[in-house]
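Data file: work07.pdb. Format and content: PDB, C-alpha atoms.
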```
ATOM      1  CA  MET A  29      19.111 -12.671 -72.036
ATOM      2  CA  ASP A  30      18.724 -13.947 -68.500
ATOM      3  CA  PRO A  31      15.316 -15.656 -68.248
ATOM      4  CA  SER A  32      14.917 -14.308 -64.758
ATOM      5  CA  GLU A  33      15.493 -10.707 -65.830
ATOM      6  CA  GLY A  34      12.560  -8.454 -64.930
ATOM      7  CA  LEU A  35      11.061 -10.967 -62.496
ATOM      8  CA  ASP A  36      10.515 -10.319 -58.778
ATOM      9  CA  THR A  37      13.401 -12.296 -57.324
ATOM     10  CA  ASP A  38      11.654 -12.368 -53.929
ATOM     11  CA  TRP A  39       9.349 -15.045 -55.338
ATOM     12  CA  ARG A  40      12.065 -17.363 -56.470
ATOM     13  CA  PRO A  41      12.018 -20.673 -54.573
ATOM     14  CA  LEU A  42      14.695 -19.566 -52.118
ATOM     15  CA  GLY A  43      13.245 -16.050 -51.748
ATOM     16  CA  SER A  44       9.797 -17.415 -50.917
ATOM     17  CA  ILE A  45      11.000 -19.453 -47.928
ATOM     18  CA  PRO A  46      11.133 -16.493 -45.491
ATOM     19  CA  ARG A  47       7.628 -15.479 -46.536
ATOM     20  CA  LEU A  48       6.415 -19.024 -46.097
ATOM     21  CA  ILE A  49       7.914 -19.155 -42.604
ATOM     22  CA  PHE A  50       6.323 -15.805 -41.783
ATOM     23  CA  PHE A  51       2.827 -16.888 -42.893
ATOM     24  CA  ILE A  52       3.133 -20.211 -41.056
ATOM     25  CA  SER A  53       4.200 -18.370 -37.897
ATOM     26  CA  VAL A  54       1.241 -15.991 -38.176
ATOM     27  CA  PHE A  55      -1.090 -18.926 -38.732
ATOM     28  CA  LEU A  56       0.278 -20.784 -35.704
ATOM     29  CA  LEU A  57       0.057 -17.665 -33.554
ATOM     30  CA  CYS A  58      -3.575 -17.103 -34.560
ATOM     31  CA  TYR A  59      -4.307 -20.776 -33.883
ATOM     32  CA  LEU A  60      -2.772 -20.624 -30.419
ATOM     33  CA  VAL A  61      -4.583 -17.382 -29.574
ATOM     34  CA  ILE A  62      -7.918 -18.878 -30.646
ATOM     35  CA  LYS A  63      -7.290 -22.216 -28.928
ATOM     36  CA  TYR A  64      -6.076 -20.634 -25.698
ATOM     37  CA  ARG A  65      -7.953 -17.341 -25.958
ATOM     38  CA  SER A  66      -9.311 -17.583 -22.428
ATOM     39  CA  ASP A  67      -5.773 -17.981 -21.051
ATOM     40  CA  VAL A  68      -4.471 -15.129 -23.210
ATOM     41  CA  TYR A  69      -7.349 -12.896 -22.155
ATOM     42  CA  PHE A  70      -6.794 -13.737 -18.481
ATOM     43  CA  TYR A  71      -3.073 -12.988 -18.463
ATOM     44  CA  LEU A  72      -3.450  -9.820 -20.504
ATOM     45  CA  LYS A  73      -6.192  -8.525 -18.229
ATOM     46  CA  TYR A  74      -4.210  -9.455 -15.128
ATOM     47  CA  LEU A  75      -1.171  -7.673 -16.558
ATOM     48  CA  VAL A  76      -3.250  -4.537 -17.134
ATOM     49  CA  PHE A  77      -4.715  -4.897 -13.625
ATOM     50  CA  SER A  78      -1.222  -5.080 -12.136
ATOM     51  CA  CYS A  79      -0.127  -2.044 -14.126
ATOM     52  CA  THR A  80      -3.156  -0.181 -12.804
ATOM     53  CA  TRP A  81      -1.636  -0.285  -9.325
ATOM     54  CA  LEU A  82       1.616   1.131 -10.643
ATOM     55  CA  VAL A  83      -0.238   4.034 -12.251
ATOM     56  CA  LEU A  84      -2.252   4.596  -9.075
ATOM     57  CA  GLY A  85       1.007   4.524  -7.142
ATOM     58  CA  ILE A  86       2.279   7.453  -9.189
ATOM     59  CA  PHE A  87      -0.863   9.545  -8.676
ATOM     60  CA  CYS A  88      -1.032   8.662  -4.965
ATOM     61  CA  SER A  89       2.619   9.589  -4.500
ATOM     62  CA  LEU A  90       2.056  12.987  -6.099
ATOM     63  CA  CYS A  91      -0.902  13.618  -3.779
ATOM     64  CA  MET A  92       1.058  12.576  -0.700
ATOM     65  CA  LEU A  93       4.221  14.577  -1.325
ATOM     66  CA  SER A  94       2.830  17.416   0.804
ATOM     67  CA  SER A  95       2.613  15.107   3.854
ATOM     68  CA  PRO A  96       5.066  12.203   3.379
ATOM     69  CA  GLY A  97       4.796   9.442   5.945
ATOM     70  CA  ASN A  98       1.470  10.663   7.337
ATOM     71  CA  ARG A  99      -0.262   7.600   8.808
ATOM     72  CA  ASP A 100      -3.605   8.786   7.401
ATOM     73  CA  ASN A 101      -2.403   8.964   3.806
ATOM     74  CA  CYS A 102      -3.567   5.446   2.974
ATOM     75  CA  ALA A 103      -7.193   6.060   3.949
ATOM     76  CA  LYS A 104      -7.137   9.647   2.707
ATOM     77  CA  TRP A 105      -5.504   9.321  -0.712
ATOM     78  CA  ALA A 106      -4.911   5.697  -1.723
ATOM     79  CA  SER A 107      -8.418   4.698  -0.680
ATOM     80  CA  LEU A 108     -10.018   7.707  -2.352
ATOM     81  CA  LEU A 109      -8.321   7.166  -5.718
ATOM     82  CA  THR A 110      -8.899   3.398  -5.696
ATOM     83  CA  ARG A 111     -12.586   3.588  -4.760
ATOM     84  CA  HIS A 112     -13.322   5.932  -7.632
ATOM     85  CA  THR A 113     -11.399   4.051 -10.301
ATOM     86  CA  VAL A 114     -10.421   0.391 -10.019
ATOM     87  CA  LYS A 115     -13.703  -1.232  -9.038
ATOM     88  CA  HIS A 116     -15.517   0.636 -11.822
ATOM     89  CA  ILE A 117     -12.912  -0.157 -14.475
ATOM     90  CA  TYR A 118     -12.992  -3.882 -13.709
ATOM     91  CA  GLY A 119     -16.708  -4.208 -12.996
ATOM     92  CA  MET A 120     -16.513  -5.074  -9.316
ATOM     93  CA  LYS A 121     -19.439  -4.556  -6.980
ATOM     94  CA  ILE A 122     -18.594  -4.506  -3.296
ATOM     95  CA  TYR A 123     -21.110  -4.938  -0.500
ATOM     96  CA  THR A 124     -20.075  -4.252   3.089
ATOM     97  CA  LYS A 125     -21.517  -5.106   6.472
ATOM     98  CA  GLY A 126     -20.488  -4.300  10.028
ATOM     99  CA  LEU A 127     -18.608  -1.038   9.426
ATOM    100  CA  GLU A 128     -20.043   0.264  12.699
ATOM    101  CA  HIS A 129     -17.580  -1.990  14.543
ATOM    102  CA  PHE A 130     -14.800   0.439  13.614
ATOM    103  CA  GLU A 131     -16.351   2.946  16.025
ATOM    104  CA  CYS A 132     -14.863   1.388  19.138
ATOM    105  CA  GLY A 133     -13.271   4.549  20.522
ATOM    106  CA  ARG A 134      -9.659   3.335  20.533
ATOM    107  CA  PRO A 135      -6.996   1.986  18.170
ATOM    108  CA  PHE A 136      -7.418  -1.599  17.010
ATOM    109  CA  ILE A 137      -5.687  -4.362  15.063
ATOM    110  CA  ILE A 138      -7.379  -5.561  11.867
ATOM    111  CA  VAL A 139      -6.841  -9.138  10.687
ATOM    112  CA  CYS A 140      -8.131  -9.994   7.219
ATOM    113  CA  ASN A 141      -8.022 -13.044   4.959
ATOM    114  CA  HIS A 142      -5.816 -12.783   1.870
ATOM    115  CA  GLN A 143      -6.659 -14.384  -1.502
ATOM    116  CA  SER A 144      -5.031 -12.301  -4.236
ATOM    117  CA  THR A 145      -4.061  -8.784  -5.293
ATOM    118  CA  VAL A 146      -7.783  -8.219  -5.881
ATOM    119  CA  ASP A 147      -7.993  -7.904  -2.069
ATOM    120  CA  ASN A 148      -6.505  -4.434  -2.487
ATOM    121  CA  VAL A 149      -9.758  -3.227  -4.026
ATOM    122  CA  GLY A 150     -11.828  -4.399  -1.065
ATOM    123  CA  MET A 151      -9.288  -3.149   1.441
ATOM    124  CA  MET A 152      -9.270   0.354  -0.049
ATOM    125  CA  GLU A 153     -13.075   0.322  -0.046
ATOM    126  CA  ILE A 154     -13.388   0.075   3.737
ATOM    127  CA  ILE A 155     -10.030   0.945   5.327
ATOM    128  CA  PRO A 156     -10.677   3.216   8.348
ATOM    129  CA  ARG A 157      -8.980   6.562   8.847
ATOM    130  CA  TYR A 158      -5.550   6.530  10.497
ATOM    131  CA  THR A 159      -4.851   2.915   9.594
ATOM    132  CA  VAL A 160      -1.395   1.720   8.551
ATOM    133  CA  LEU A 161      -0.450  -1.476   6.780
ATOM    134  CA  MET A 162       2.266  -3.950   7.577
ATOM    135  CA  MET A 163       4.035  -5.339   4.488
ATOM    136  CA  LYS A 164       7.070  -7.444   3.701
ATOM    137  CA  LYS A 165      10.153  -5.324   3.142
ATOM    138  CA  SER A 166      10.614  -6.384  -0.507
ATOM    139  CA  LEU A 167       7.466  -4.438  -1.502
ATOM    140  CA  LYS A 168       9.218  -1.263  -0.439
ATOM    141  CA  TYR A 169      11.168  -1.436  -3.694
ATOM    142  CA  ALA A 170       8.206  -2.231  -5.974
ATOM    143  CA  GLY A 171       8.453   0.925  -8.073
ATOM    144  CA  PRO A 172       5.622   3.495  -7.766
ATOM    145  CA  PHE A 173       3.636   1.095  -5.570
ATOM    146  CA  GLY A 174       6.501   0.850  -3.087
ATOM    147  CA  LEU A 175       6.987   4.624  -3.097
ATOM    148  CA  ALA A 176       3.299   5.148  -2.356
ATOM    149  CA  ALA A 177       3.521   2.602   0.475
ATOM    150  CA  VAL A 178       6.454   4.489   2.005
ATOM    151  CA  LEU A 179       4.592   7.795   1.764
ATOM    152  CA  CYS A 180       1.604   6.151   3.485
ATOM    153  CA  GLY A 181       3.745   5.411   6.530
ATOM    154  CA  THR A 182       3.598   1.660   5.933
ATOM    155  CA  ILE A 183       5.455  -0.523   8.418
ATOM    156  CA  PHE A 184       7.843  -2.884   6.613
ATOM    157  CA  VAL A 185       9.035  -6.175   8.064
ATOM    158  CA  ASP A 186      12.080  -8.196   6.994
ATOM    159  CA  ARG A 187      10.695 -11.723   7.273
ATOM    160  CA  SER A 188      14.024 -13.259   6.303
ATOM    161  CA  ASN A 189      15.591 -11.961   9.508
ATOM    162  CA  PRO A 190      13.791 -13.257  12.648
ATOM    163  CA  GLU A 191      15.559 -10.800  14.952
ATOM    164  CA  LYS A 192      14.643  -7.787  12.827
ATOM    165  CA  ALA A 193      11.104  -9.087  12.418
ATOM    166  CA  LYS A 194      10.754  -9.417  16.193
ATOM    167  CA  GLN A 195      12.105  -5.903  16.717
ATOM    168  CA  ALA A 196       9.691  -4.582  14.081
ATOM    169  CA  LEU A 197       6.782  -5.989  16.081
ATOM    170  CA  GLU A 198       8.034  -4.268  19.214
ATOM    171  CA  ASP A 199       8.415  -0.987  17.338
ATOM    172  CA  THR A 200       4.919  -1.401  15.896
ATOM    173  CA  VAL A 201       3.396  -1.598  19.369
ATOM    174  CA  ASP A 202       5.097   1.695  20.249
ATOM    175  CA  ILE A 203       3.875   3.348  17.030
ATOM    176  CA  ILE A 204       0.279   2.264  17.582
ATOM    177  CA  LEU A 205       0.163   3.430  21.196
ATOM    178  CA  LYS A 206       2.038   6.703  20.692
ATOM    179  CA  GLU A 207       0.416   7.784  17.427
ATOM    180  CA  LYS A 208      -3.045   6.328  18.140
ATOM    181  CA  VAL A 209      -3.277   4.553  14.791
ATOM    182  CA  ASN A 210      -4.841   1.276  13.704
ATOM    183  CA  LEU A 211      -2.945  -1.588  12.068
ATOM    184  CA  TRP A 212      -4.106  -3.760   9.139
ATOM    185  CA  MET A 213      -2.487  -7.184   8.758
ATOM    186  CA  PHE A 214      -3.021 -10.368   6.745
ATOM    187  CA  PRO A 215      -2.314 -13.134   9.287
ATOM    188  CA  GLU A 216      -2.124 -15.850   6.612
ATOM    189  CA  GLY A 217       1.231 -14.344   5.645
ATOM    190  CA  HIS A 218       0.784 -14.675   1.897
ATOM    191  CA  ARG A 219      -1.939 -15.112  -0.671
ATOM    192  CA  ASN A 220      -4.185 -18.163  -0.418
ATOM    193  CA  MET A 221      -5.891 -19.139  -3.678
ATOM    194  CA  MET A 222      -7.942 -21.836  -1.941
ATOM    195  CA  LYS A 223      -5.900 -24.763  -3.198
ATOM    196  CA  GLN A 224      -7.093 -26.671  -0.152
ATOM    197  CA  ARG A 225     -10.846 -26.224   0.011
ATOM    198  CA  GLU A 226     -11.213 -27.971   3.338
ATOM    199  CA  ASP A 227      -9.148 -25.245   5.018
ATOM    200  CA  TYR A 228     -10.336 -22.098   3.197
ATOM    201  CA  MET A 229      -7.672 -20.115   5.058
ATOM    202  CA  LEU A 230      -4.030 -20.831   5.721
ATOM    203  CA  PRO A 231      -2.858 -21.191   9.334
ATOM    204  CA  PHE A 232      -2.541 -17.771  10.954
ATOM    205  CA  LYS A 233       0.840 -16.401  11.869
ATOM    206  CA  LYS A 234       0.913 -14.986  15.385
ATOM    207  CA  GLY A 235       2.417 -11.528  14.730
ATOM    208  CA  ALA A 236      -0.858  -9.580  14.657
ATOM    209  CA  PHE A 237      -2.126 -11.318  17.777
ATOM    210  CA  ASN A 238       1.138 -10.775  19.666
ATOM    211  CA  ILE A 239       0.921  -7.062  18.870
ATOM    212  CA  ALA A 240      -2.700  -6.881  20.004
ATOM    213  CA  VAL A 241      -1.989  -8.659  23.281
ATOM    214  CA  LYS A 242       1.146  -6.629  24.024
ATOM    215  CA  ALA A 243      -0.713  -3.386  23.335
ATOM    216  CA  GLN A 244      -3.886  -4.695  25.020
ATOM    217  CA  LEU A 245      -5.911  -3.509  22.029
ATOM    218  CA  PRO A 246      -8.977  -5.115  20.409
ATOM    219  CA  ILE A 247      -8.751  -7.217  17.281
ATOM    220  CA  ILE A 248     -11.272  -6.596  14.513
ATOM    221  CA  PRO A 249     -11.553  -9.508  12.046
ATOM    222  CA  ILE A 250     -12.520  -8.658   8.460
ATOM    223  CA  VAL A 251     -13.639 -11.348   6.027
ATOM    224  CA  MET A 252     -13.717 -10.970   2.248
ATOM    225  CA  SER A 253     -15.851 -13.511   0.415
ATOM    226  CA  SER A 254     -14.468 -15.988  -2.111
ATOM    227  CA  GLN A 255     -13.253 -14.439  -5.358
ATOM    228  CA  GLU A 256     -13.318 -17.734  -7.224
ATOM    229  CA  SER A 257     -16.488 -16.948  -9.187
ATOM    230  CA  PHE A 258     -14.878 -13.941 -10.897
ATOM    231  CA  PHE A 259     -11.120 -14.251 -10.294
ATOM    232  CA  SER A 260      -9.242 -17.523 -10.400
ATOM    233  CA  PHE A 261      -5.728 -18.426 -11.531
ATOM    234  CA  LYS A 262      -6.704 -22.083 -11.612
ATOM    235  CA  HIS A 263      -9.556 -21.528 -14.069
ATOM    236  CA  ARG A 264      -7.947 -18.530 -15.826
ATOM    237  CA  ARG A 265     -10.969 -16.431 -14.928
ATOM    238  CA  PHE A 266     -11.068 -12.656 -14.521
ATOM    239  CA  THR A 267     -14.516 -11.171 -15.058
ATOM    240  CA  SER A 268     -16.767  -8.646 -13.366
ATOM    241  CA  GLY A 269     -18.139  -9.871 -10.078
ATOM    242  CA  VAL A 270     -19.408  -9.261  -6.571
ATOM    243  CA  GLN A 271     -17.396  -9.282  -3.354
ATOM    244  CA  ASN A 272     -18.997  -9.319   0.076
ATOM    245  CA  ILE A 273     -17.002  -7.912   2.962
ATOM    246  CA  GLU A 274     -18.048  -8.346   6.578
ATOM    247  CA  VAL A 275     -16.476  -6.647   9.577
ATOM    248  CA  LEU A 276     -16.868  -8.813  12.689
ATOM    249  CA  PRO A 277     -17.294  -7.456  16.231
ATOM    250  CA  PRO A 278     -14.083  -6.504  18.087
ATOM    251  CA  VAL A 279     -12.371  -9.238  20.080
ATOM    252  CA  GLN A 280     -11.063  -7.828  23.345
ATOM    253  CA  THR A 281      -7.568  -8.745  24.520
ATOM    254  CA  GLY A 282      -7.624  -7.068  27.930
ATOM    255  CA  GLY A 283      -5.963  -9.288  30.529
ATOM    256  CA  LEU A 284      -4.589 -11.762  27.991
ATOM    257  CA  GLN A 285      -0.951 -12.856  28.009
ATOM    258  CA  LEU A 286       1.293 -14.016  25.171
ATOM    259  CA  ASP A 287       0.626 -17.600  26.258
ATOM    260  CA  ASP A 288      -3.011 -17.044  25.282
ATOM    261  CA  VAL A 289      -2.152 -16.061  21.698
ATOM    262  CA  PRO A 290      -2.348 -19.529  20.050
ATOM    263  CA  GLU A 291      -5.867 -20.135  21.378
ATOM    264  CA  LEU A 292      -6.895 -16.573  20.501
ATOM    265  CA  ALA A 293      -5.616 -16.896  16.925
ATOM    266  CA  ASP A 294      -7.301 -20.280  16.420
ATOM    267  CA  ARG A 295     -10.623 -18.986  17.756
ATOM    268  CA  ILE A 296     -10.614 -15.939  15.506
ATOM    269  CA  ARG A 297      -9.570 -18.022  12.497
ATOM    270  CA  LYS A 298     -12.465 -20.408  13.110
ATOM    271  CA  ASP A 299     -14.951 -17.515  13.299
ATOM    272  CA  MET A 300     -13.523 -16.014  10.111
ATOM    273  CA  ILE A 301     -13.776 -19.306   8.212
ATOM    274  CA  GLU A 302     -17.414 -19.717   9.254
ATOM    275  CA  THR A 303     -18.119 -16.179   8.062
ATOM    276  CA  PHE A 304     -16.196 -16.777   4.830
ATOM    277  CA  VAL A 305     -18.376 -19.758   3.956
ATOM    278  CA  ARG A 306     -21.559 -17.922   4.912
ATOM    279  CA  ILE A 307     -20.903 -14.829   2.769
ATOM    280  CA  SER A 308     -19.526 -16.724  -0.262
ATOM    281  CA  PRO A 309     -22.514 -17.746  -2.440
ATOM    282  CA  ASN A 310     -20.363 -19.799  -4.824
ATOM    283  CA  LEU A 311     -19.255 -22.072  -1.954
ATOM    284  CA  GLN A 312     -22.855 -22.646  -0.909
ATOM    285  CA  SER A 313     -23.999 -23.435  -4.461
ATOM    286  CA  ASN A 314     -21.086 -25.844  -4.969
ATOM    287  CA  GLY A 315     -21.911 -27.798  -1.845
ATOM    288  CA  HIS A 316     -19.040 -26.523   0.308
ATOM    289  CA  GLY A 317     -21.206 -24.978   2.954
ATOM    290  CA  SER A 318     -19.976 -27.254   5.733
ATOM    291  CA  GLN A 319     -16.515 -28.274   6.712
ATOM    292  CA  SER A 320     -15.391 -31.843   7.049
TER     293      SER A 320
END
```

Translate this file's structure into structure tokens.
Amino acid sequence: MDPSEGLDTDWRPLGSIPRLIFFISVFLLCYLVIKYRSDVYFYLKYLVFSCTWLVLGIFCSLCMLSSPGNRDNCAKWASLLTRHTVKHIYGMKIYTKGLEHFECGRPFIIVCNHQSTVDNVGMMEIIPRYTVLMMKKSLKYAGPFGLAAVLCGTIFVDRSNPEKAKQALEDTVDIILKEKVNLWMFPEGHRNMMKQREDYMLPFKKGAFNIAVKAQLPIIPIVMSSQESFFSFKHRRFTSGVQNIEVLPPVQTGGLQLDDVPELADRIRKDMIETFVRISPNLQSNGHGSQS
């Protein structure tokens, strides 16, 4: 009789190796999750946060199908759905100041600092009626989010093609003047996670200011406070938190020429940085209240 007859062959020396590998893998996975739990938590939460915008994009698109391309869709639908969901889900409290500056009686150009995708929450909290966004063309193909952007009448710019980008700016001036709509732009060009604390904001690109001067329309700067205390890639932090948003008084461009744009952009950037430091409590507490 075979001595092994009737025994569970899975537990023979060779049969136990796969189980041993499995248990070691589970142990190592648990160890890594525990050791790097803050990193795992951060990336999982950020993944869910990113997916939230895709889901919102679907609902917004459904709401906007009755009026595709309407320039008021962003403030009417995207803002409405975001204000009543995202900030509550992720524990964000938003405090605003200076909203009365939107009542200037004519279209205007908004310039706002840009730190991360969390800016979308603050933007949707205060975006005025009949305001369109300017985005890079690649976002047009970002699934439900891109579809919602198209239905909002977003103006897309191909940054890789200088000639097309220049023409897009010219077309934007015509759209603003003919349709009497406002324009929201992030003059830093891309997200700034404050890697250089002494600057706080990246150098401003001139597109928004060129449009304002060509259209002879006021510029309204908007400053969102530092997100570092509750959202930070560097520190793998994503918790509930408070964001202060301040709308600064309109800056008139009447009589200015394109040659005046560099000085205009630098002046507004300086005012925005000063406001950024003032409304960001974490910068004050960390001793970054003054610039070198």

How close does range 82-194 of chain A get to range 294-298 of chain A? List, as CSV, each residue of range 82-194 of chain A within 10 Å, its nearest atom pair and the distance in Å to one decimal, counting all atoms listed in the file.
```
residue,atom,partner,partner_atom,distance
A:Val139,CA,A:Ile296,CA,9.1
A:Cys140,CA,A:Arg297,CA,9.7
A:Asn141,CA,A:Arg297,CA,9.2
```

Neighbours of point (-6.9, -7.5, -6.4) within 10 Å, using only C-alpha atoms, written as a PyMOL selection string: chain A and resi 74+77-78+81+114-115+142-151+255+259

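Nearest residue to Ile248 in chain A, choosing from A:Ser260, A:Thr110, A:Asn272, A:Asn210 and counting only C-alpha atoms: A:Asn210.
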
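The gap separating CA of Ala103 in chain A from CA of Asp299 in chain A is 26.5 Å, in Å to one decimal.
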
Atomic distance CA of Leu175 in chain A - CA of Cys88 in chain A, expressed in Å with one decimal: 9.2 Å

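Minimum atom-to-atom distance to Ala177 in chain A, evaluated using all atoms listed in the file, belongs to A:Asn98 out of A:Gln195, A:Asn238, A:Asn98, A:Thr200.
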